[in-house]
Each structure stands twice: as C-alpha cells, then as structure tokens.
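A.B. asks: This structure is in structure tokens; I'll ask about it shortly.
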Protein chains: 2
Amino acid sequence: MSGKPLSPQELRIWHAFKMMGEDVLERVGRDISDATGLSGADFGVLSRLADLGKGQMRQQVLAQSLGWDKSRLSHHLTRMQQRQLIERQEADQRVVLVVLTKQGKAKLDAARPIHAESIRRNLLARLSQQQIETIVRVSNLLGEDV
Amino acid sequence: MSGKPLSPQELRIWHAFKMMGEDVLERVGRDISDATGLSGADFGVLSRLADLGKGQMRQQVLAQSLGWDKSRLSHHLTRMQQRQLIERQEADQRVVLVVLTKQGKAKLDAARPIHAESIRRNLLARLSQQQIETIVRVSNLLGEDV
DNA sequence: GCAGCTTGGTTGTCGCGTCAACCACTCGGC
DNA sequence: GCCGAGTGGTTGACGCGACAACCAAGCTGC
C-alpha cells in the first residue's frame, strides 16, 4: 500500500533474490542439455513419468505434479513425442496415457547422474547446512498462498 | 564424480530451491502485468533506461546491465518500439540510442509503485531480517563463477 | 592499401509458454 | 429425455529467448 519506492537496500535484496534462482537454474539446465540434449522441462517430465508412474501416467496427473497447465503440457508432449521420448496412448476414449519410450528411458538414465552432480556442484556444495535449512524454510514461507 | 543419485532429502532441497524463485518471480511479474500491461522484462528495460541513463542509453550498455545478449535485447526492443514504449535513434552510424518515450515513461511511473508493493508483499514482508541476510549471502555465494 | 580482427547491431529459425477457443465425454438435476 | 456444468485434452496465435549467421564500421599491422 504505502506508495514508497524501494530503497536501495531493498532493491539490492530483490536483485540478489532474482539472480540466485536464475543463475543456478540456468547452470543446471545447461549441464543437462549439453550432456544429453534434454531441457530441464524434458527432464522433469521424464523423471516424473518414471518415478511417480512406473513409466506411464495420465496427462492431467502429470500436469498437476509439474505445476503446469494442461495446454502447456499438451504442447510440450507433442514436441517430445516427435523426438520419440514419449508416446501417447488412448486408454479409453477421453483419457490419454503418456508412456515413456525406450529412448526416453535411456535419455533419462543418462541425464540423472548429470543432474545430481550439477545440483551438488552448483547448489549443495556451496552452502552450509544452516543456509540450506534456511532456504527450505524460506521456500515454504514464500510458497504459501498469500 | 560420485554417480550417486540424489537422496530424497537432497531432492526436497532442490525442489524447494526451484519453487522459491519461480513462485515469487511469477507473482511479481503478474502483478505488474495485470496493472500496467508491462512484462517483468519490459519493466527492467524501462527502469534501467530511466535510472541509469536519464532516459536514453546505448543498446549495448543496456544489454550489459540487464545481463542479456544483444540479440535478445534487439528483439525485445523491436517489440517495445511497436508498442511505442521506446524509440531508437541512430546517433552516429553504428551507434543506436534507445530513448524512453512519453508513453514509456508514463507506464514506468505507473508500474513502479506496483512493483515495490508486490516485492514487499511477496518477499520482504514474509521473511525475518535474519532470513533476508542469509538470502543475500547465499545469492553472492551462488553467483560466483565456479 | 588492404587483410584481418573486434565491436555494435539485425535477422531468421525454431523451441517454449500463455491465453482463449474449442471438442468430446460424463454426470447431475429436472 | 435433455440441458447445463464440469473434466480431459487439443489447437492456433502470438510474444518470448537462444543460437547462429550476417552486415557494417572502425582499428590494427604489414
């Protein structure tokens, strides 16, 4: 409410906060992509498919677990399908099953160690236990709906 | 490196970290956009133009201060130019000056208080002083190049 | 002079993400 | 029966972003 502009101090905090996420996300994404050709988004889809769904899952459940809307997922799956990472099967009409292909599984398996290593190098190894705990706590605070 | 997969604990940390940034960025961006039609990127361009350059700046300097590459900026400016938020003036050949238009300035002035309020509500007000200090420290740690 | 590098910027292409419109099916009520 | 609402998904349009190729201009050095 108070229309006061942000102080230089507040601006610094905001800037730091923005950079923190973007930097790390970008590095991890790039590591995966350089090594396997998968984007961070691809990796998210494939790993949920494998871990939560034993290789197959309904689109909407997948969307839910990614925090994506159905349109975004539909577009993304179309592209992944063209690259043979997944298939779509109509279970009964109306329900579409997303199925991990051999190739998708292979790429995922190739990407997992890269992903893990990158997260350790770019995030976990750089922070103290204290700091990590604060991150988790802060994330929960900020994730609450107003 | 150790090929070990991430533990559930490590995964939770990673997930928390990812969400933290995405949530808040998205909320602030949406607040600005709902109120003024400017994207977060537009706001960044306009505010740098106004604050760092007294309303005009060379493209490359602008790109530098945004952390964007020249191509991205060029594309974005083309779109902003079509919406009359900025103009491009060739100073001497070879150098292009980006100039804030009246409309751009007006939009920026409208957006500033929204931006400030949104950051306070979605970030600053939710955290303790301790936590904020940790964020800033962590951001610096993570921003260092390897 | 001119070959070659660097600098400042534009352009095309293509993957990504949002929004709104749409289709098809199911279910509840009347 | 049918009408309306909700659910699961697709589609098209359009802005955005990364990348690579390109076009000047200017700056060496010979």
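Just so we're on the same page: first chain in the structure tokens is A, next is B, and so on; residues restart at 1 for each chain, and ligands are numbered from 1 in the order they show up.
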Given only C-alpha atoms (C1' of nucleotides), how would the per-residue table for chain D near chain B read, listing every residue at most 10 Å away with its closest atom pair and distance in Å to one decimal, sorted by chain and number, as a Markdown table?
C.D. replies:
```
| residue | atom | partner | partner_atom | distance |
| --- | --- | --- | --- | --- |
| D:DG15 | C1' | B:Arg79 | CA | 8.7 |
| D:DC16 | C1' | B:His76 | CA | 8.2 |
| D:DG17 | C1' | B:Arg72 | CA | 6.5 |
| D:DA18 | C1' | B:Arg72 | CA | 8.1 |
| D:DC19 | C1' | B:Ser71 | CA | 9.3 |
| D:DA24 | C1' | B:Arg94 | CA | 7.5 |
| D:DA25 | C1' | B:Arg94 | CA | 6.5 |
| D:DG26 | C1' | B:Arg94 | CA | 9.6 |
```
A.B. asks: What are the residues of chain B that have an atom within 9 Å of an atom of chain A, counting only C-alpha atoms, as a compact mmCIF listing (two decimals) with N, CA, C and O atoms, in the first residue's frame?
C.D. replies:
```txt
# COMPACT_ATOMS: atom_id res chain seq x y z
N MET B 1 32.90 -37.95 -11.07
CA MET B 1 32.35 -37.62 -9.76
C MET B 1 31.46 -38.75 -9.28
O MET B 1 31.04 -39.61 -10.01
N SER B 2 31.10 -38.73 -8.01
CA SER B 2 30.25 -39.79 -7.47
C SER B 2 28.94 -39.84 -8.25
O SER B 2 28.22 -38.86 -8.32
N GLY B 3 28.67 -40.99 -8.83
CA GLY B 3 27.45 -41.08 -9.63
C GLY B 3 26.19 -41.25 -8.81
O GLY B 3 25.14 -41.51 -9.36
N LYS B 4 26.31 -41.13 -7.52
CA LYS B 4 25.15 -41.42 -6.68
C LYS B 4 23.96 -40.52 -7.00
O LYS B 4 24.13 -39.32 -7.19
N PRO B 5 22.79 -41.10 -7.05
CA PRO B 5 21.60 -40.29 -7.28
C PRO B 5 21.32 -39.42 -6.07
O PRO B 5 21.84 -39.67 -4.98
N LEU B 6 20.52 -38.41 -6.28
CA LEU B 6 20.16 -37.53 -5.17
C LEU B 6 19.31 -38.28 -4.16
O LEU B 6 18.40 -39.03 -4.52
N GLU B 10 17.95 -34.55 -0.50
CA GLU B 10 18.56 -33.61 -1.45
C GLU B 10 17.54 -33.15 -2.49
O GLU B 10 17.51 -31.99 -2.90
N ARG B 12 14.38 -32.88 -2.02
CA ARG B 12 13.48 -31.90 -1.39
C ARG B 12 14.11 -30.53 -1.39
O ARG B 12 13.44 -29.53 -1.64
N ILE B 13 15.38 -30.48 -1.10
CA ILE B 13 16.07 -29.18 -1.08
C ILE B 13 16.03 -28.56 -2.47
O ILE B 13 15.72 -27.39 -2.63
N TRP B 14 16.34 -29.36 -3.46
CA TRP B 14 16.36 -28.86 -4.83
C TRP B 14 14.98 -28.34 -5.23
O TRP B 14 14.84 -27.26 -5.81
N ALA B 16 12.59 -27.31 -3.29
CA ALA B 16 12.29 -26.09 -2.54
C ALA B 16 13.00 -24.90 -3.18
O ALA B 16 12.42 -23.83 -3.36
N PHE B 17 14.24 -25.10 -3.54
CA PHE B 17 15.01 -24.02 -4.13
C PHE B 17 14.40 -23.54 -5.45
O PHE B 17 14.26 -22.34 -5.69
N LYS B 18 14.03 -24.49 -6.27
CA LYS B 18 13.44 -24.13 -7.56
C LYS B 18 12.14 -23.34 -7.40
O LYS B 18 11.94 -22.31 -8.01
N MET B 19 11.29 -23.87 -6.55
CA MET B 19 9.98 -23.25 -6.35
C MET B 19 10.09 -21.84 -5.80
O MET B 19 9.37 -20.95 -6.21
N MET B 20 11.00 -21.67 -4.86
CA MET B 20 11.17 -20.38 -4.19
C MET B 20 11.28 -19.24 -5.21
O MET B 20 10.54 -18.28 -5.17
N GLY B 21 12.20 -19.39 -6.13
CA GLY B 21 12.39 -18.34 -7.12
C GLY B 21 11.21 -18.21 -8.06
O GLY B 21 10.69 -17.11 -8.28
N GLU B 22 10.77 -19.33 -8.58
CA GLU B 22 9.73 -19.28 -9.61
C GLU B 22 8.44 -18.65 -9.09
O GLU B 22 7.85 -17.79 -9.73
N ASP B 23 8.01 -19.09 -7.92
CA ASP B 23 6.79 -18.55 -7.32
C ASP B 23 6.81 -17.03 -7.26
O ASP B 23 5.91 -16.37 -7.78
N VAL B 24 7.81 -16.52 -6.61
CA VAL B 24 7.83 -15.09 -6.32
C VAL B 24 7.97 -14.28 -7.61
O VAL B 24 7.24 -13.31 -7.83
N LEU B 25 8.88 -14.71 -8.46
CA LEU B 25 9.05 -14.02 -9.75
C LEU B 25 7.75 -13.94 -10.50
O LEU B 25 7.38 -12.92 -11.08
N ARG B 112 5.94 1.43 -11.17
CA ARG B 112 6.88 1.44 -10.03
C ARG B 112 6.23 1.13 -8.69
O ARG B 112 6.72 0.27 -7.95
N PRO B 113 5.17 1.82 -8.34
CA PRO B 113 4.59 1.51 -7.03
C PRO B 113 4.03 0.09 -6.94
O PRO B 113 4.11 -0.54 -5.88
N ILE B 114 3.51 -0.40 -8.03
CA ILE B 114 3.03 -1.79 -8.05
C ILE B 114 4.19 -2.74 -7.78
O ILE B 114 4.09 -3.66 -6.98
N HIS B 115 5.26 -2.50 -8.47
CA HIS B 115 6.47 -3.31 -8.34
C HIS B 115 6.95 -3.31 -6.89
O HIS B 115 7.18 -4.37 -6.28
N ALA B 116 7.04 -2.13 -6.31
CA ALA B 116 7.53 -2.02 -4.94
C ALA B 116 6.59 -2.74 -3.98
O ALA B 116 7.02 -3.52 -3.12
N GLU B 117 5.33 -2.49 -4.15
CA GLU B 117 4.36 -3.08 -3.23
C GLU B 117 4.37 -4.61 -3.35
O GLU B 117 4.32 -5.33 -2.35
N ILE B 119 6.81 -6.58 -4.32
CA ILE B 119 8.02 -7.16 -3.74
C ILE B 119 7.92 -7.17 -2.22
O ILE B 119 8.30 -8.14 -1.57
N ARG B 120 7.38 -6.10 -1.66
CA ARG B 120 7.22 -6.09 -0.21
C ARG B 120 6.27 -7.19 0.23
O ARG B 120 6.53 -7.92 1.17
N ARG B 121 5.16 -7.29 -0.47
CA ARG B 121 4.14 -8.25 -0.04
C ARG B 121 4.59 -9.69 -0.27
O ARG B 121 4.37 -10.55 0.57
N ASN B 122 5.20 -9.94 -1.42
CA ASN B 122 5.53 -11.32 -1.77
C ASN B 122 6.88 -11.79 -1.27
O ASN B 122 7.16 -12.98 -1.30
N LEU B 123 7.72 -10.87 -0.85
CA LEU B 123 9.04 -11.29 -0.41
C LEU B 123 9.40 -10.68 0.94
O LEU B 123 9.48 -11.39 1.94
N LEU B 124 9.60 -9.39 0.95
CA LEU B 124 10.20 -8.76 2.13
C LEU B 124 9.36 -8.96 3.40
O LEU B 124 9.91 -9.28 4.46
N ARG B 126 7.47 -11.25 4.23
CA ARG B 126 7.27 -12.62 4.71
C ARG B 126 8.48 -13.17 5.44
O ARG B 126 8.42 -14.27 5.99
N LEU B 127 9.59 -12.45 5.37
CA LEU B 127 10.83 -13.01 5.90
C LEU B 127 11.36 -12.18 7.06
O LEU B 127 11.13 -10.98 7.14
N GLN B 131 16.65 -14.05 7.85
CA GLN B 131 16.47 -14.81 6.62
C GLN B 131 16.87 -14.00 5.40
O GLN B 131 17.49 -14.50 4.48
N ILE B 132 16.53 -12.73 5.45
CA ILE B 132 16.91 -11.87 4.32
C ILE B 132 18.42 -11.78 4.19
O ILE B 132 18.98 -11.87 3.09
N GLU B 133 19.07 -11.67 5.33
CA GLU B 133 20.54 -11.60 5.27
C GLU B 133 21.11 -12.88 4.68
O GLU B 133 22.05 -12.85 3.88
N THR B 134 20.54 -13.99 5.09
CA THR B 134 21.01 -15.26 4.54
C THR B 134 20.81 -15.32 3.02
O THR B 134 21.69 -15.75 2.28
N ILE B 135 19.65 -14.87 2.59
CA ILE B 135 19.37 -14.86 1.14
C ILE B 135 20.44 -14.09 0.39
O ILE B 135 20.98 -14.55 -0.62
N VAL B 136 20.75 -12.91 0.87
CA VAL B 136 21.73 -12.09 0.18
C VAL B 136 23.10 -12.77 0.17
O VAL B 136 23.78 -12.82 -0.85
N ARG B 137 23.45 -13.34 1.30
CA ARG B 137 24.73 -14.02 1.39
C ARG B 137 24.76 -15.22 0.43
O ARG B 137 25.72 -15.44 -0.31
N VAL B 138 23.69 -15.99 0.45
CA VAL B 138 23.61 -17.17 -0.41
C VAL B 138 23.66 -16.77 -1.88
O VAL B 138 24.33 -17.41 -2.69
N SER B 139 22.96 -15.72 -2.21
CA SER B 139 22.96 -15.26 -3.60
C SER B 139 24.37 -14.93 -4.06
O SER B 139 24.77 -15.27 -5.18
N ASN B 140 25.13 -14.29 -3.19
CA ASN B 140 26.50 -13.97 -3.55
C ASN B 140 27.33 -15.24 -3.74
O ASN B 140 28.10 -15.36 -4.69
N LEU B 141 27.15 -16.18 -2.83
CA LEU B 141 27.88 -17.44 -2.94
C LEU B 141 27.57 -18.14 -4.25
O LEU B 141 28.46 -18.61 -4.97
N LEU B 142 26.29 -18.20 -4.57
CA LEU B 142 25.88 -18.96 -5.76
C LEU B 142 26.20 -18.24 -7.05
O LEU B 142 26.29 -18.86 -8.11
N GLY B 143 26.36 -16.93 -6.96
CA GLY B 143 26.64 -16.17 -8.17
C GLY B 143 28.09 -16.27 -8.62
O GLY B 143 28.40 -15.98 -9.77
N VAL B 146 31.89 -20.78 -10.71
CA VAL B 146 32.57 -21.98 -10.26
C VAL B 146 33.64 -21.68 -9.24
O VAL B 146 33.54 -21.75 -8.13
```
A.B. asks: I want to know what sits within 9 Å of stretch 42-47 of chain A, based on only C-alpha atoms (C1' of nucleotides), with residues of the same chain fewer than 4 positions away left out; could you give that as a PDB file with C-alpha atoms, in the first residue's frame?
C.D. replies:
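Once written, around.pdb looks like this:
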```
ATOM      1  CA  ILE A  32      21.804 -31.462 -18.621  1.00  0.00           C
ATOM      2  CA  LEU A  38      17.208 -32.738 -22.794  1.00  0.00           C
ATOM      3  CA  ASP A  51       9.264 -42.331 -10.701  1.00  0.00           C
ATOM      4  CA  LEU A  52       5.670 -41.479  -9.978  1.00  0.00           C
ATOM      5  CA  GLY A  55       6.640 -45.319 -16.919  1.00  0.00           C
ATOM      6  CA  LEU A  62       1.459 -35.334 -14.835  1.00  0.00           C
ATOM      7  CA  ALA A  63       0.478 -31.719 -15.324  1.00  0.00           C
ATOM      8  CA  LEU A  66       4.733 -30.467 -12.673  1.00  0.00           C
ATOM      9  CA  HIS A  76       5.365 -29.963 -24.706  1.00  0.00           C
ATOM     10  CA  LEU A  77       4.333 -33.586 -25.064  1.00  0.00           C
ATOM     11  CA  MET A  80       8.606 -34.724 -27.001  1.00  0.00           C
ATOM     12  CA  LEU A  85      10.837 -39.523 -25.911  1.00  0.00           C
ATOM     13  CA  ILE A  86       7.264 -40.418 -25.066  1.00  0.00           C
ATOM     14  CA  LEU A 100       7.845 -43.454 -21.561  1.00  0.00           C
ATOM     15  CA  GLY A 104      13.039 -41.642 -23.334  1.00  0.00           C
ATOM     16  CA  LYS A 105      14.113 -44.002 -20.590  1.00  0.00           C
ATOM     17  CA  LYS A 107      17.950 -40.399 -22.126  1.00  0.00           C
ATOM     18  CA  LEU A 108      16.574 -40.095 -18.639  1.00  0.00           C
ATOM     19  CA  ALA A 111      20.673 -37.437 -17.553  1.00  0.00           C
ATOM     20  CA  ARG A 112      20.153 -38.450 -13.954  1.00  0.00           C
ATOM     21  CA  HIS A 115      21.516 -33.701 -12.893  1.00  0.00           C
TER      22      HIS A 115
END
```
A.B. asks: Using DSSP assignments from the backbone, pull out every residue in chain B that falls under alpha helix (DSSP H) and give it to me as a short mmCIF file (atom, residue, chain, number, x, y, z; two decimals) with N, CA and C atoms, in the first residue's frame.
C.D. replies:
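Final output, out.cif:
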```cif
data_model
loop_
_atom_site.label_atom_id
_atom_site.label_comp_id
_atom_site.auth_asym_id
_atom_site.auth_seq_id
_atom_site.Cartn_x
_atom_site.Cartn_y
_atom_site.Cartn_z
N PRO B 8 16.38 -38.52 -1.26
CA PRO B 8 15.10 -37.82 -1.12
C PRO B 8 15.27 -36.47 -0.44
N GLN B 9 16.12 -36.43 0.53
CA GLN B 9 16.39 -35.19 1.24
C GLN B 9 16.97 -34.14 0.29
N GLU B 10 17.95 -34.55 -0.50
CA GLU B 10 18.56 -33.61 -1.45
C GLU B 10 17.54 -33.15 -2.49
N LEU B 11 16.71 -34.09 -2.91
CA LEU B 11 15.67 -33.73 -3.86
C LEU B 11 14.71 -32.70 -3.29
N ARG B 12 14.38 -32.88 -2.02
CA ARG B 12 13.48 -31.90 -1.39
C ARG B 12 14.11 -30.53 -1.39
N ILE B 13 15.38 -30.48 -1.10
CA ILE B 13 16.07 -29.18 -1.08
C ILE B 13 16.03 -28.56 -2.47
N TRP B 14 16.34 -29.36 -3.46
CA TRP B 14 16.36 -28.86 -4.83
C TRP B 14 14.98 -28.34 -5.23
N HIS B 15 13.99 -29.10 -4.89
CA HIS B 15 12.64 -28.71 -5.25
C HIS B 15 12.26 -27.40 -4.56
N ALA B 16 12.59 -27.31 -3.29
CA ALA B 16 12.29 -26.09 -2.54
C ALA B 16 13.00 -24.90 -3.18
N PHE B 17 14.24 -25.10 -3.54
CA PHE B 17 15.01 -24.02 -4.13
C PHE B 17 14.40 -23.54 -5.45
N LYS B 18 14.03 -24.49 -6.27
CA LYS B 18 13.44 -24.13 -7.56
C LYS B 18 12.14 -23.34 -7.40
N MET B 19 11.29 -23.87 -6.55
CA MET B 19 9.98 -23.25 -6.35
C MET B 19 10.09 -21.84 -5.80
N MET B 20 11.00 -21.67 -4.86
CA MET B 20 11.17 -20.38 -4.19
C MET B 20 11.28 -19.24 -5.21
N GLY B 21 12.20 -19.39 -6.13
CA GLY B 21 12.39 -18.34 -7.12
C GLY B 21 11.21 -18.21 -8.06
N GLU B 22 10.77 -19.33 -8.58
CA GLU B 22 9.73 -19.28 -9.61
C GLU B 22 8.44 -18.65 -9.09
N ASP B 23 8.01 -19.09 -7.92
CA ASP B 23 6.79 -18.55 -7.32
C ASP B 23 6.81 -17.03 -7.26
N VAL B 24 7.81 -16.52 -6.61
CA VAL B 24 7.83 -15.09 -6.32
C VAL B 24 7.97 -14.28 -7.61
N LEU B 25 8.88 -14.71 -8.46
CA LEU B 25 9.05 -14.02 -9.75
C LEU B 25 7.75 -13.94 -10.50
N GLU B 26 7.06 -15.05 -10.51
CA GLU B 26 5.83 -15.10 -11.28
C GLU B 26 4.78 -14.16 -10.69
N ARG B 27 4.70 -14.12 -9.37
CA ARG B 27 3.70 -13.25 -8.74
C ARG B 27 3.98 -11.79 -9.00
N VAL B 28 5.23 -11.42 -8.84
CA VAL B 28 5.57 -10.01 -9.05
C VAL B 28 5.34 -9.65 -10.51
N GLY B 29 5.76 -10.52 -11.39
CA GLY B 29 5.55 -10.27 -12.82
C GLY B 29 4.08 -10.12 -13.15
N ARG B 30 3.28 -10.97 -12.57
CA ARG B 30 1.85 -10.91 -12.87
C ARG B 30 1.21 -9.65 -12.29
N ASP B 31 1.63 -9.26 -11.11
CA ASP B 31 1.10 -8.03 -10.54
C ASP B 31 1.35 -6.84 -11.45
N ILE B 32 2.58 -6.74 -11.92
CA ILE B 32 2.92 -5.62 -12.80
C ILE B 32 2.14 -5.71 -14.10
N SER B 33 2.09 -6.89 -14.64
CA SER B 33 1.44 -7.05 -15.92
C SER B 33 -0.07 -6.80 -15.85
N ASP B 34 -0.69 -7.30 -14.79
CA ASP B 34 -2.13 -7.06 -14.63
C ASP B 34 -2.43 -5.57 -14.53
N ALA B 35 -1.58 -4.86 -13.82
CA ALA B 35 -1.87 -3.45 -13.55
C ALA B 35 -1.51 -2.54 -14.72
N THR B 36 -0.51 -2.92 -15.49
CA THR B 36 0.01 -1.97 -16.47
C THR B 36 0.23 -2.54 -17.86
N GLY B 40 7.68 -8.26 -16.82
CA GLY B 40 8.83 -8.02 -15.99
C GLY B 40 10.02 -7.54 -16.81
N ALA B 41 10.17 -8.12 -17.98
CA ALA B 41 11.28 -7.73 -18.86
C ALA B 41 11.13 -6.28 -19.31
N ASP B 42 9.91 -5.91 -19.71
CA ASP B 42 9.66 -4.52 -20.09
C ASP B 42 10.05 -3.58 -18.96
N PHE B 43 9.62 -3.95 -17.78
CA PHE B 43 9.89 -3.10 -16.61
C PHE B 43 11.39 -2.94 -16.40
N GLY B 44 12.12 -4.03 -16.54
CA GLY B 44 13.57 -3.96 -16.39
C GLY B 44 14.19 -3.00 -17.40
N VAL B 45 13.76 -3.09 -18.62
CA VAL B 45 14.30 -2.22 -19.65
C VAL B 45 13.99 -0.76 -19.34
N LEU B 46 12.74 -0.49 -19.07
CA LEU B 46 12.32 0.90 -18.85
C LEU B 46 13.00 1.50 -17.62
N SER B 47 13.07 0.73 -16.54
CA SER B 47 13.62 1.33 -15.32
C SER B 47 15.12 1.59 -15.47
N ARG B 48 15.82 0.72 -16.18
CA ARG B 48 17.24 0.99 -16.39
C ARG B 48 17.44 2.20 -17.28
N LEU B 49 16.58 2.29 -18.27
CA LEU B 49 16.66 3.43 -19.17
C LEU B 49 16.48 4.73 -18.40
N ALA B 50 15.52 4.73 -17.50
CA ALA B 50 15.23 5.95 -16.74
C ALA B 50 16.30 6.23 -15.69
N ASP B 51 16.71 5.19 -14.98
CA ASP B 51 17.57 5.42 -13.82
C ASP B 51 19.05 5.52 -14.17
N LEU B 52 19.49 4.60 -14.99
CA LEU B 52 20.91 4.60 -15.32
C LEU B 52 21.23 5.58 -16.43
N GLY B 53 20.27 5.84 -17.30
CA GLY B 53 20.62 6.60 -18.49
C GLY B 53 19.86 7.89 -18.68
N GLN B 59 22.46 0.70 -26.76
CA GLN B 59 21.90 -0.63 -26.66
C GLN B 59 22.80 -1.57 -25.89
N GLN B 60 24.05 -1.51 -26.20
CA GLN B 60 24.94 -2.49 -25.63
C GLN B 60 25.09 -2.32 -24.12
N VAL B 61 25.11 -1.07 -23.69
CA VAL B 61 25.20 -0.79 -22.26
C VAL B 61 23.96 -1.32 -21.56
N LEU B 62 22.83 -1.09 -22.20
CA LEU B 62 21.57 -1.59 -21.67
C LEU B 62 21.60 -3.11 -21.55
N ALA B 63 22.05 -3.75 -22.59
CA ALA B 63 22.13 -5.21 -22.60
C ALA B 63 23.00 -5.69 -21.44
N GLN B 64 24.13 -5.04 -21.30
CA GLN B 64 25.06 -5.38 -20.23
C GLN B 64 24.38 -5.32 -18.87
N SER B 65 23.68 -4.24 -18.65
CA SER B 65 23.11 -4.03 -17.32
C SER B 65 21.93 -4.97 -17.06
N LEU B 66 21.34 -5.48 -18.11
CA LEU B 66 20.25 -6.45 -17.94
C LEU B 66 20.78 -7.88 -17.86
N LYS B 70 22.89 -9.38 -26.99
CA LYS B 70 22.44 -8.31 -27.88
C LYS B 70 21.25 -8.72 -28.74
N SER B 71 21.21 -10.00 -29.07
CA SER B 71 20.11 -10.47 -29.90
C SER B 71 18.78 -10.39 -29.15
N ARG B 72 18.82 -10.87 -27.94
CA ARG B 72 17.60 -10.83 -27.15
C ARG B 72 17.10 -9.40 -26.98
N LEU B 73 18.03 -8.53 -26.67
CA LEU B 73 17.64 -7.13 -26.48
C LEU B 73 17.09 -6.55 -27.77
N SER B 74 17.75 -6.82 -28.87
CA SER B 74 17.31 -6.28 -30.14
C SER B 74 15.88 -6.72 -30.45
N HIS B 75 15.62 -8.00 -30.29
CA HIS B 75 14.26 -8.49 -30.50
C HIS B 75 13.27 -7.80 -29.56
N HIS B 76 13.66 -7.71 -28.30
CA HIS B 76 12.73 -7.15 -27.34
C HIS B 76 12.45 -5.68 -27.63
N LEU B 77 13.48 -4.96 -27.99
CA LEU B 77 13.30 -3.54 -28.29
C LEU B 77 12.41 -3.35 -29.51
N THR B 78 12.56 -4.23 -30.47
CA THR B 78 11.69 -4.14 -31.64
C THR B 78 10.22 -4.22 -31.23
N ARG B 79 9.96 -5.17 -30.33
CA ARG B 79 8.56 -5.30 -29.88
C ARG B 79 8.13 -4.09 -29.05
N MET B 80 9.04 -3.59 -28.20
CA MET B 80 8.68 -2.44 -27.37
C MET B 80 8.49 -1.19 -28.22
N GLN B 81 9.27 -1.13 -29.27
CA GLN B 81 9.16 0.01 -30.19
C GLN B 81 7.78 0.02 -30.85
N GLN B 82 7.32 -1.15 -31.23
CA GLN B 82 6.00 -1.23 -31.84
C GLN B 82 4.91 -0.80 -30.88
N LYS B 102 7.44 9.25 -24.09
CA LYS B 102 6.49 9.73 -23.07
C LYS B 102 5.65 8.57 -22.56
N GLN B 103 5.15 7.78 -23.49
CA GLN B 103 4.30 6.66 -23.09
C GLN B 103 5.07 5.67 -22.24
N GLY B 104 6.31 5.44 -22.62
CA GLY B 104 7.13 4.51 -21.86
C GLY B 104 7.33 5.00 -20.44
N LYS B 105 7.63 6.28 -20.35
CA LYS B 105 7.83 6.89 -19.02
C LYS B 105 6.56 6.81 -18.20
N ALA B 106 5.44 7.06 -18.82
CA ALA B 106 4.17 7.03 -18.10
C ALA B 106 3.90 5.62 -17.56
N LYS B 107 4.09 4.64 -18.42
CA LYS B 107 3.88 3.25 -17.99
C LYS B 107 4.83 2.90 -16.85
N LEU B 108 6.05 3.31 -16.99
CA LEU B 108 7.03 3.01 -15.95
C LEU B 108 6.60 3.61 -14.62
N ASP B 109 6.19 4.86 -14.66
CA ASP B 109 5.78 5.53 -13.42
C ASP B 109 4.57 4.84 -12.80
N ALA B 110 3.70 4.34 -13.67
CA ALA B 110 2.54 3.62 -13.15
C ALA B 110 2.96 2.30 -12.52
N ALA B 111 3.99 1.69 -13.10
CA ALA B 111 4.38 0.35 -12.65
C ALA B 111 5.21 0.37 -11.38
N ARG B 112 5.94 1.43 -11.17
CA ARG B 112 6.88 1.44 -10.03
C ARG B 112 6.23 1.13 -8.69
N PRO B 113 5.17 1.82 -8.34
CA PRO B 113 4.59 1.51 -7.03
C PRO B 113 4.03 0.09 -6.94
N ILE B 114 3.51 -0.40 -8.03
CA ILE B 114 3.03 -1.79 -8.05
C ILE B 114 4.19 -2.74 -7.78
N HIS B 115 5.26 -2.50 -8.47
CA HIS B 115 6.47 -3.31 -8.34
C HIS B 115 6.95 -3.31 -6.89
N ALA B 116 7.04 -2.13 -6.31
CA ALA B 116 7.53 -2.02 -4.94
C ALA B 116 6.59 -2.74 -3.98
N GLU B 117 5.33 -2.49 -4.15
CA GLU B 117 4.36 -3.08 -3.23
C GLU B 117 4.37 -4.61 -3.35
N SER B 118 4.49 -5.08 -4.58
CA SER B 118 4.45 -6.52 -4.80
C SER B 118 5.67 -7.21 -4.19
N ILE B 119 6.81 -6.58 -4.32
CA ILE B 119 8.02 -7.16 -3.74
C ILE B 119 7.92 -7.17 -2.22
N ARG B 120 7.38 -6.10 -1.66
CA ARG B 120 7.22 -6.09 -0.21
C ARG B 120 6.27 -7.19 0.23
N ARG B 121 5.16 -7.29 -0.47
CA ARG B 121 4.14 -8.25 -0.04
C ARG B 121 4.59 -9.69 -0.27
N ASN B 122 5.20 -9.94 -1.42
CA ASN B 122 5.53 -11.32 -1.77
C ASN B 122 6.88 -11.79 -1.27
N GLN B 129 14.55 -10.59 9.28
CA GLN B 129 15.79 -9.92 8.92
C GLN B 129 16.92 -10.94 8.73
N GLN B 130 16.97 -11.87 9.64
CA GLN B 130 17.93 -12.98 9.55
C GLN B 130 17.85 -13.68 8.21
N GLN B 131 16.65 -14.05 7.85
CA GLN B 131 16.47 -14.81 6.62
C GLN B 131 16.87 -14.00 5.40
N ILE B 132 16.53 -12.73 5.45
CA ILE B 132 16.91 -11.87 4.32
C ILE B 132 18.42 -11.78 4.19
N GLU B 133 19.07 -11.67 5.33
CA GLU B 133 20.54 -11.60 5.27
C GLU B 133 21.11 -12.88 4.68
N THR B 134 20.54 -13.99 5.09
CA THR B 134 21.01 -15.26 4.54
C THR B 134 20.81 -15.32 3.02
N ILE B 135 19.65 -14.87 2.59
CA ILE B 135 19.37 -14.86 1.14
C ILE B 135 20.44 -14.09 0.39
N VAL B 136 20.75 -12.91 0.87
CA VAL B 136 21.73 -12.09 0.18
C VAL B 136 23.10 -12.77 0.17
N ARG B 137 23.45 -13.34 1.30
CA ARG B 137 24.73 -14.02 1.39
C ARG B 137 24.76 -15.22 0.43
N VAL B 138 23.69 -15.99 0.45
CA VAL B 138 23.61 -17.17 -0.41
C VAL B 138 23.66 -16.77 -1.88
N SER B 139 22.96 -15.72 -2.21
CA SER B 139 22.96 -15.26 -3.60
C SER B 139 24.37 -14.93 -4.06
N ASN B 140 25.13 -14.29 -3.19
CA ASN B 140 26.50 -13.97 -3.55
C ASN B 140 27.33 -15.24 -3.74
N LEU B 141 27.15 -16.18 -2.83
CA LEU B 141 27.88 -17.44 -2.94
C LEU B 141 27.57 -18.14 -4.25
N LEU B 142 26.29 -18.20 -4.57
CA LEU B 142 25.88 -18.96 -5.76
C LEU B 142 26.20 -18.24 -7.05
N GLY B 143 26.36 -16.93 -6.96
CA GLY B 143 26.64 -16.17 -8.17
C GLY B 143 28.09 -16.27 -8.62
#
```
A.B. asks: Could you list the residues in chain C lying within 9 Å of chain B, using only C-alpha atoms (C1' of nucleotides), and format the result as JSON, numbers by chain?
C.D. replies: {"C": [8, 9, 10]}
A.B. asks: Determine which residues of chain A receive a DSSP assignment of strand (DSSP E or B), computed from the backbone, and state them as a PyMOL selection string.
C.D. replies: chain A and resi 56-58+86-90+96-100
